[in-house]
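Step one of this worksheet: look at the structure below.
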Amino acid sequence: MISPLTASITDDEIRIALFSILDDKAPGLDGFTSLFFKRAWNIIGIDFRDAVRHFFATNEMPRCVNATRIALVPKFKVVLPDIIGVSQSAFVPGRRISDNILLTQKLLRNYHLGGTSPRCALKVDIRKAFDTSFTVFLGPPGVFGKGTLCSPYLFVLAMEGLAVIFWETSHSPGFHYHWRCRRAAITHLCFADDLMVFCRAVASFVSLIKSALDYFAKVIGLVTNAEKS
C-alpha cells in the first residue's frame, strides 16, 4: 500500500485534476476560471505543473493562490477498509455508522438492572475534532483569519492510534473487560468524533482508560471535551 500512497504526482494527474473543474469555477482569488487554464494549457501547462509539484515537494502554497487550504487525501479512502479496525464505522467505505449505534444499544440494554458484574460505559466527546486547520480570507488582500479543519480520512487514521492505545491498555495487568464485551474484546466504539468506552466498573480500570485518553491527547492533540462527556 505504501508505494502508490507515496508515489510522486504525475503530469496526467495534474492535468486531469484541473480539467475536472467546471468551466465556470475560479480556483483562485484572481477570478480566472478553470476554462482560462484549459484554453491556455499549451502555453501555461509546464509552469502550471511546476507550481503544483513545488507545492507537493515543499508543502508551501502562496496565500495569493488560494485563501483556503484543504487536505486532499482521496488515496487514503481506498485502503481504509484494510487498515482501520472494526471499532470505527464512520467514513470507512463499506461500513455504516449505524452499525456501531446498534451495537452500543445492545451493550447498554437493561443497564439499569442489577444482578450482573459491575459495568462502566463512558461517552466521550473529542474536542474540536473537525475544527483544526484552514486559513480563511477576510476583507482586503493580505488579511487572513485562522481556523481549523481535519479531513475525515485523517481523523479516522488518528483515531486508529487510539485503538492501539486501548489495545495496549486492555493488556495491562488486572484489566477486565465490560462483561458483555469480553468475548469480542471490545474496549471502545467510535461514532466520528464521539466515542463510547467500556470496561468493568472498577476505579483502577477507569483510571487506566483516563490515562489512555490523556496519552492520546498528548501524542495526537485531540483532547477530551469534559463538558460534553
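We label chains A, B, ... in the order they appear in the C-alpha cells, count residues from 1 in each chain, and number ligands from 1 in the order shown.
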
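Those residues in segment 150-187 of chain A carrying a DSSP assignment of helix (DSSP H, G or I), computed from the backbone, are Pro152, Tyr153, Leu154, Phe155, Val156, Leu157, Ala158, Met159, Glu160, Gly161, Leu162, Ala163, Val164, Ile165, Phe166, Trp167, Glu168, Thr169 and Ser170 of chain A.
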
Filtering to N, CA, C and O atoms, could you give me those residues as a PDB file, in the first residue's frame?
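So again-v8.pdb came out as:
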ATOM      1  N   PRO A 152     -11.848  14.072   7.280  1.00  0.00           N
ATOM      2  CA  PRO A 152     -12.394  12.871   7.918  1.00  0.00           C
ATOM      3  C   PRO A 152     -11.478  11.661   7.795  1.00  0.00           C
ATOM      4  O   PRO A 152     -11.380  10.855   8.720  1.00  0.00           O
ATOM      5  N   TYR A 153     -10.784  11.530   6.649  1.00  0.00           N
ATOM      6  CA  TYR A 153      -9.894  10.386   6.463  1.00  0.00           C
ATOM      7  C   TYR A 153      -8.703  10.462   7.401  1.00  0.00           C
ATOM      8  O   TYR A 153      -8.270   9.465   7.983  1.00  0.00           O
ATOM      9  N   LEU A 154      -8.139  11.667   7.577  1.00  0.00           N
ATOM     10  CA  LEU A 154      -7.035  11.831   8.515  1.00  0.00           C
ATOM     11  C   LEU A 154      -7.505  11.601   9.944  1.00  0.00           C
ATOM     12  O   LEU A 154      -6.780  11.034  10.769  1.00  0.00           O
ATOM     13  N   PHE A 155      -8.720  12.037  10.239  1.00  0.00           N
ATOM     14  CA  PHE A 155      -9.261  11.845  11.581  1.00  0.00           C
ATOM     15  C   PHE A 155      -9.435  10.361  11.894  1.00  0.00           C
ATOM     16  O   PHE A 155      -9.126   9.896  12.994  1.00  0.00           O
ATOM     17  N   VAL A 156      -9.920   9.591  10.914  1.00  0.00           N
ATOM     18  CA  VAL A 156     -10.073   8.149  11.098  1.00  0.00           C
ATOM     19  C   VAL A 156      -8.725   7.502  11.385  1.00  0.00           C
ATOM     20  O   VAL A 156      -8.607   6.627  12.257  1.00  0.00           O
ATOM     21  N   LEU A 157      -7.689   7.925  10.668  1.00  0.00           N
ATOM     22  CA  LEU A 157      -6.356   7.372  10.896  1.00  0.00           C
ATOM     23  C   LEU A 157      -5.851   7.734  12.293  1.00  0.00           C
ATOM     24  O   LEU A 157      -5.219   6.917  12.966  1.00  0.00           O
ATOM     25  N   ALA A 158      -6.134   8.969  12.719  1.00  0.00           N
ATOM     26  CA  ALA A 158      -5.714   9.381  14.062  1.00  0.00           C
ATOM     27  C   ALA A 158      -6.419   8.559  15.130  1.00  0.00           C
ATOM     28  O   ALA A 158      -5.807   8.117  16.113  1.00  0.00           O
ATOM     29  N   MET A 159      -7.714   8.316  14.938  1.00  0.00           N
ATOM     30  CA  MET A 159      -8.472   7.546  15.915  1.00  0.00           C
ATOM     31  C   MET A 159      -8.041   6.089  15.952  1.00  0.00           C
ATOM     32  O   MET A 159      -8.219   5.405  16.964  1.00  0.00           O
ATOM     33  N   GLU A 160      -7.455   5.612  14.858  1.00  0.00           N
ATOM     34  CA  GLU A 160      -6.920   4.251  14.882  1.00  0.00           C
ATOM     35  C   GLU A 160      -5.725   4.170  15.836  1.00  0.00           C
ATOM     36  O   GLU A 160      -5.467   3.128  16.422  1.00  0.00           O
ATOM     37  N   GLY A 161      -5.029   5.305  16.007  1.00  0.00           N
ATOM     38  CA  GLY A 161      -3.980   5.356  17.007  1.00  0.00           C
ATOM     39  C   GLY A 161      -4.540   5.157  18.406  1.00  0.00           C
ATOM     40  O   GLY A 161      -3.922   4.494  19.250  1.00  0.00           O
ATOM     41  N   LEU A 162      -5.720   5.702  18.654  1.00  0.00           N
ATOM     42  CA  LEU A 162      -6.373   5.493  19.946  1.00  0.00           C
ATOM     43  C   LEU A 162      -6.717   4.023  20.137  1.00  0.00           C
ATOM     44  O   LEU A 162      -6.621   3.490  21.258  1.00  0.00           O
ATOM     45  N   ALA A 163      -7.115   3.349  19.057  1.00  0.00           N
ATOM     46  CA  ALA A 163      -7.424   1.925  19.146  1.00  0.00           C
ATOM     47  C   ALA A 163      -6.212   1.125  19.603  1.00  0.00           C
ATOM     48  O   ALA A 163      -6.326   0.191  20.412  1.00  0.00           O
ATOM     49  N   VAL A 164      -5.040   1.485  19.092  1.00  0.00           N
ATOM     50  CA  VAL A 164      -3.806   0.807  19.507  1.00  0.00           C
ATOM     51  C   VAL A 164      -3.522   1.055  20.988  1.00  0.00           C
ATOM     52  O   VAL A 164      -3.147   0.137  21.737  1.00  0.00           O
ATOM     53  N   ILE A 165      -3.739   2.298  21.428  1.00  0.00           N
ATOM     54  CA  ILE A 165      -3.504   2.635  22.832  1.00  0.00           C
ATOM     55  C   ILE A 165      -4.467   1.854  23.735  1.00  0.00           C
ATOM     56  O   ILE A 165      -4.065   1.316  24.776  1.00  0.00           O
ATOM     57  N   PHE A 166      -5.721   1.757  23.339  1.00  0.00           N
ATOM     58  CA  PHE A 166      -6.692   0.996  24.126  1.00  0.00           C
ATOM     59  C   PHE A 166      -6.360  -0.496  24.128  1.00  0.00           C
ATOM     60  O   PHE A 166      -6.580  -1.195  25.115  1.00  0.00           O
ATOM     61  N   TRP A 167      -5.859  -0.987  22.994  1.00  0.00           N
ATOM     62  CA  TRP A 167      -5.465  -2.402  22.930  1.00  0.00           C
ATOM     63  C   TRP A 167      -4.359  -2.683  23.940  1.00  0.00           C
ATOM     64  O   TRP A 167      -4.392  -3.700  24.647  1.00  0.00           O
ATOM     65  N   GLU A 168      -3.373  -1.788  23.998  1.00  0.00           N
ATOM     66  CA  GLU A 168      -2.297  -1.958  24.969  1.00  0.00           C
ATOM     67  C   GLU A 168      -2.837  -1.843  26.400  1.00  0.00           C
ATOM     68  O   GLU A 168      -2.402  -2.572  27.302  1.00  0.00           O
ATOM     69  N   THR A 169      -3.791  -0.941  26.604  1.00  0.00           N
ATOM     70  CA  THR A 169      -4.395  -0.777  27.932  1.00  0.00           C
ATOM     71  C   THR A 169      -5.121  -2.039  28.359  1.00  0.00           C
ATOM     72  O   THR A 169      -5.050  -2.450  29.530  1.00  0.00           O
ATOM     73  N   SER A 170      -5.816  -2.672  27.410  1.00  0.00           N
ATOM     74  CA  SER A 170      -6.569  -3.884  27.739  1.00  0.00           C
ATOM     75  C   SER A 170      -5.666  -5.036  28.153  1.00  0.00           C
ATOM     76  O   SER A 170      -6.128  -6.000  28.764  1.00  0.00           O
TER      77      SER A 170
END

Inset, instruction - Find the residues around Leu80 of chain A up to 9 Å (only C-alpha atoms counted), leave out those fewer than 2 positions away in its own chain, and share them as a list in words. - result: Phe76, Lys77, Val78, Asp82, Ile83, Ile84, Phe91, Val92, Pro93, Tyr153, Val156 and Leu157 of chain A

Contact check, segment 104-127 of chain A to segment 207-226 of chain A, at most 8 Å, counting only C-alpha atoms, closest pairs as CSV:
residue,atom,partner,partner_atom,distance
A:Val124,CA,A:Thr224,CA,6.7
A:Asp125,CA,A:Asn225,CA,5.4
A:Ile126,CA,A:Thr224,CA,4.8
A:Arg127,CA,A:Asn225,CA,4.7

I'd like the neighbourhood of segment 31-41 of chain A as a short mmCIF file (atom, residue, chain, number, x, y, z; two decimals) with all heavy atoms, in the first residue's frame, where a residue qualifies if any of its atoms comes within 7 Å (using only C-alpha atoms), though same-chain residues fewer than 5 positions away should be ignored.
data_model
loop_
_atom_site.label_atom_id
_atom_site.label_comp_id
_atom_site.auth_asym_id
_atom_site.auth_seq_id
_atom_site.Cartn_x
_atom_site.Cartn_y
_atom_site.Cartn_z
N PHE A 19 -8.65 19.75 -15.35
CA PHE A 19 -9.71 19.67 -16.35
C PHE A 19 -11.00 19.08 -15.79
O PHE A 19 -12.03 19.11 -16.46
CB PHE A 19 -9.22 18.85 -17.56
CG PHE A 19 -8.40 19.65 -18.53
CD1 PHE A 19 -7.12 20.07 -18.19
CD2 PHE A 19 -8.90 20.00 -19.78
CE1 PHE A 19 -6.35 20.81 -19.07
CE2 PHE A 19 -8.14 20.75 -20.67
CZ PHE A 19 -6.86 21.17 -20.31
N ILE A 21 -12.36 20.37 -13.13
CA ILE A 21 -13.05 21.51 -12.53
C ILE A 21 -14.02 22.10 -13.54
O ILE A 21 -13.69 22.26 -14.73
CB ILE A 21 -12.04 22.59 -12.09
CG1 ILE A 21 -11.04 22.00 -11.09
CG2 ILE A 21 -12.75 23.79 -11.47
CD1 ILE A 21 -9.93 22.98 -10.70
N LEU A 22 -15.23 22.43 -13.12
CA LEU A 22 -16.22 23.01 -14.03
C LEU A 22 -15.68 24.30 -14.63
O LEU A 22 -14.96 25.07 -13.97
CB LEU A 22 -17.53 23.28 -13.28
CG LEU A 22 -18.26 22.05 -12.73
CD1 LEU A 22 -19.51 22.47 -11.97
CD2 LEU A 22 -18.61 21.09 -13.85
N ASP A 23 -16.07 24.57 -15.89
CA ASP A 23 -15.51 25.70 -16.62
C ASP A 23 -15.74 27.04 -15.93
O ASP A 23 -14.93 27.96 -16.06
CB ASP A 23 -16.10 25.75 -18.04
CG ASP A 23 -15.60 24.62 -18.92
OD1 ASP A 23 -14.60 23.97 -18.53
OD2 ASP A 23 -16.19 24.38 -19.99
N ASP A 24 -16.85 27.18 -15.23
CA ASP A 24 -17.19 28.48 -14.65
C ASP A 24 -16.70 28.63 -13.20
O ASP A 24 -17.06 29.59 -12.52
CB ASP A 24 -18.70 28.72 -14.70
CG ASP A 24 -19.49 27.68 -13.92
OD1 ASP A 24 -18.89 26.65 -13.53
OD2 ASP A 24 -20.69 27.89 -13.71
N LYS A 25 -15.87 27.69 -12.73
CA LYS A 25 -15.34 27.78 -11.38
C LYS A 25 -13.97 28.44 -11.38
O LYS A 25 -13.12 28.13 -12.21
CB LYS A 25 -15.23 26.38 -10.75
CG LYS A 25 -16.56 25.65 -10.62
CD LYS A 25 -17.51 26.39 -9.68
CE LYS A 25 -18.81 25.62 -9.52
NZ LYS A 25 -19.76 26.33 -8.61
N ALA A 26 -13.75 29.35 -10.42
CA ALA A 26 -12.47 30.04 -10.32
C ALA A 26 -11.70 29.47 -9.13
O ALA A 26 -12.10 29.66 -7.98
CB ALA A 26 -12.69 31.54 -10.12
#

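Atom CA of Ile46 of chain A to atom CA of Leu5 of chain A spans 24.2 Å [interatomic distance, one decimal].
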
Need the shell around Ala185 of chain A: protein/DNA/RNA residues with any atom at most 12 Å away, counting only C-alpha atoms. Skip same-chain ones fewer than 2 positions apart. Format as a PyMOL selection string?
chain A and resi 86-87+163+166-167+169-171+175-183+187-189+197-199

Since we have the selection now, will you write its residues out, keeping C-alpha atoms, as a CSV table (one decimal), in the first residue's frame?
chain,number,residue,atom,x,y,z
A,86,VAL,CA,-13.8,-2.6,13.4
A,87,SER,CA,-14.2,-0.1,16.3
A,163,ALA,CA,-7.4,1.9,19.1
A,166,PHE,CA,-6.7,1.0,24.1
A,167,TRP,CA,-5.5,-2.4,22.9
A,169,THR,CA,-4.4,-0.8,27.9
A,170,SER,CA,-6.6,-3.9,27.7
A,171,HIS,CA,-3.4,-6.0,28.2
A,175,PHE,CA,-7.6,-5.1,33.4
A,176,HIS,CA,-11.1,-6.5,33.0
A,177,TYR,CA,-13.5,-6.0,30.0
A,178,HIS,CA,-17.1,-4.9,30.4
A,179,TRP,CA,-19.0,-8.1,31.0
A,180,ARG,CA,-20.7,-8.0,27.6
A,181,CYS,CA,-17.5,-7.1,25.7
A,182,ARG,CA,-15.2,-9.8,27.0
A,183,ARG,CA,-15.8,-12.3,24.2
A,187,THR,CA,-12.9,-1.6,24.6
A,188,HIS,CA,-14.5,1.2,22.6
A,189,LEU,CA,-16.7,2.1,19.6
A,197,VAL,CA,-15.6,3.3,26.1
A,198,PHE,CA,-16.5,0.1,28.0
A,199,CYS,CA,-14.8,-1.6,30.9

request  = Mind listing the strand (DSSP E or B) residues of segment 6-226 of chain A, per DSSP on the backbone, as a ChimeraX atom specification?
outcome  = /A:88,119-126,134-137,144-147,188-191,194-200,224

Could you dump the residues just selected with C-alpha atoms as a PDB file, in the first residue's frame?
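So the final result, stored in part_17.pdb, reads:
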ATOM      1  CA  GLN A  88     -14.709   2.600  13.636  1.00  0.00           C
ATOM      2  CA  ARG A 119     -20.168  -2.313  34.363  1.00  0.00           C
ATOM      3  CA  CYS A 120     -18.962   1.054  33.126  1.00  0.00           C
ATOM      4  CA  ALA A 121     -19.748   2.898  29.905  1.00  0.00           C
ATOM      5  CA  LEU A 122     -18.154   6.263  29.142  1.00  0.00           C
ATOM      6  CA  LYS A 123     -19.470   8.573  26.443  1.00  0.00           C
ATOM      7  CA  VAL A 124     -16.515  10.713  25.359  1.00  0.00           C
ATOM      8  CA  ASP A 125     -16.560  13.741  23.055  1.00  0.00           C
ATOM      9  CA  ILE A 126     -13.347  14.659  21.239  1.00  0.00           C
ATOM     10  CA  PHE A 134      -7.572  26.041   7.327  1.00  0.00           C
ATOM     11  CA  THR A 135      -6.887  29.714   6.599  1.00  0.00           C
ATOM     12  CA  VAL A 136      -9.800  31.927   5.584  1.00  0.00           C
ATOM     13  CA  PHE A 137      -9.528  35.109   3.532  1.00  0.00           C
ATOM     14  CA  PHE A 144      -6.384  36.292   6.745  1.00  0.00           C
ATOM     15  CA  GLY A 145      -8.098  34.625   9.679  1.00  0.00           C
ATOM     16  CA  LYS A 146      -7.130  31.265  11.084  1.00  0.00           C
ATOM     17  CA  GLY A 147      -9.354  28.277  11.749  1.00  0.00           C
ATOM     18  CA  HIS A 188     -14.499   1.161  22.573  1.00  0.00           C
ATOM     19  CA  LEU A 189     -16.711   2.097  19.639  1.00  0.00           C
ATOM     20  CA  CYS A 190     -16.337   5.264  17.533  1.00  0.00           C
ATOM     21  CA  PHE A 191     -19.042   7.473  16.056  1.00  0.00           C
ATOM     22  CA  ASP A 194     -17.954  10.729  19.623  1.00  0.00           C
ATOM     23  CA  LEU A 195     -16.617   7.731  21.489  1.00  0.00           C
ATOM     24  CA  MET A 196     -18.075   5.030  23.738  1.00  0.00           C
ATOM     25  CA  VAL A 197     -15.609   3.287  26.055  1.00  0.00           C
ATOM     26  CA  PHE A 198     -16.460   0.129  28.010  1.00  0.00           C
ATOM     27  CA  CYS A 199     -14.818  -1.617  30.945  1.00  0.00           C
ATOM     28  CA  ARG A 200     -15.639  -3.258  34.252  1.00  0.00           C
ATOM     29  CA  THR A 224     -11.440  15.021  25.617  1.00  0.00           C
TER      30      THR A 224
END
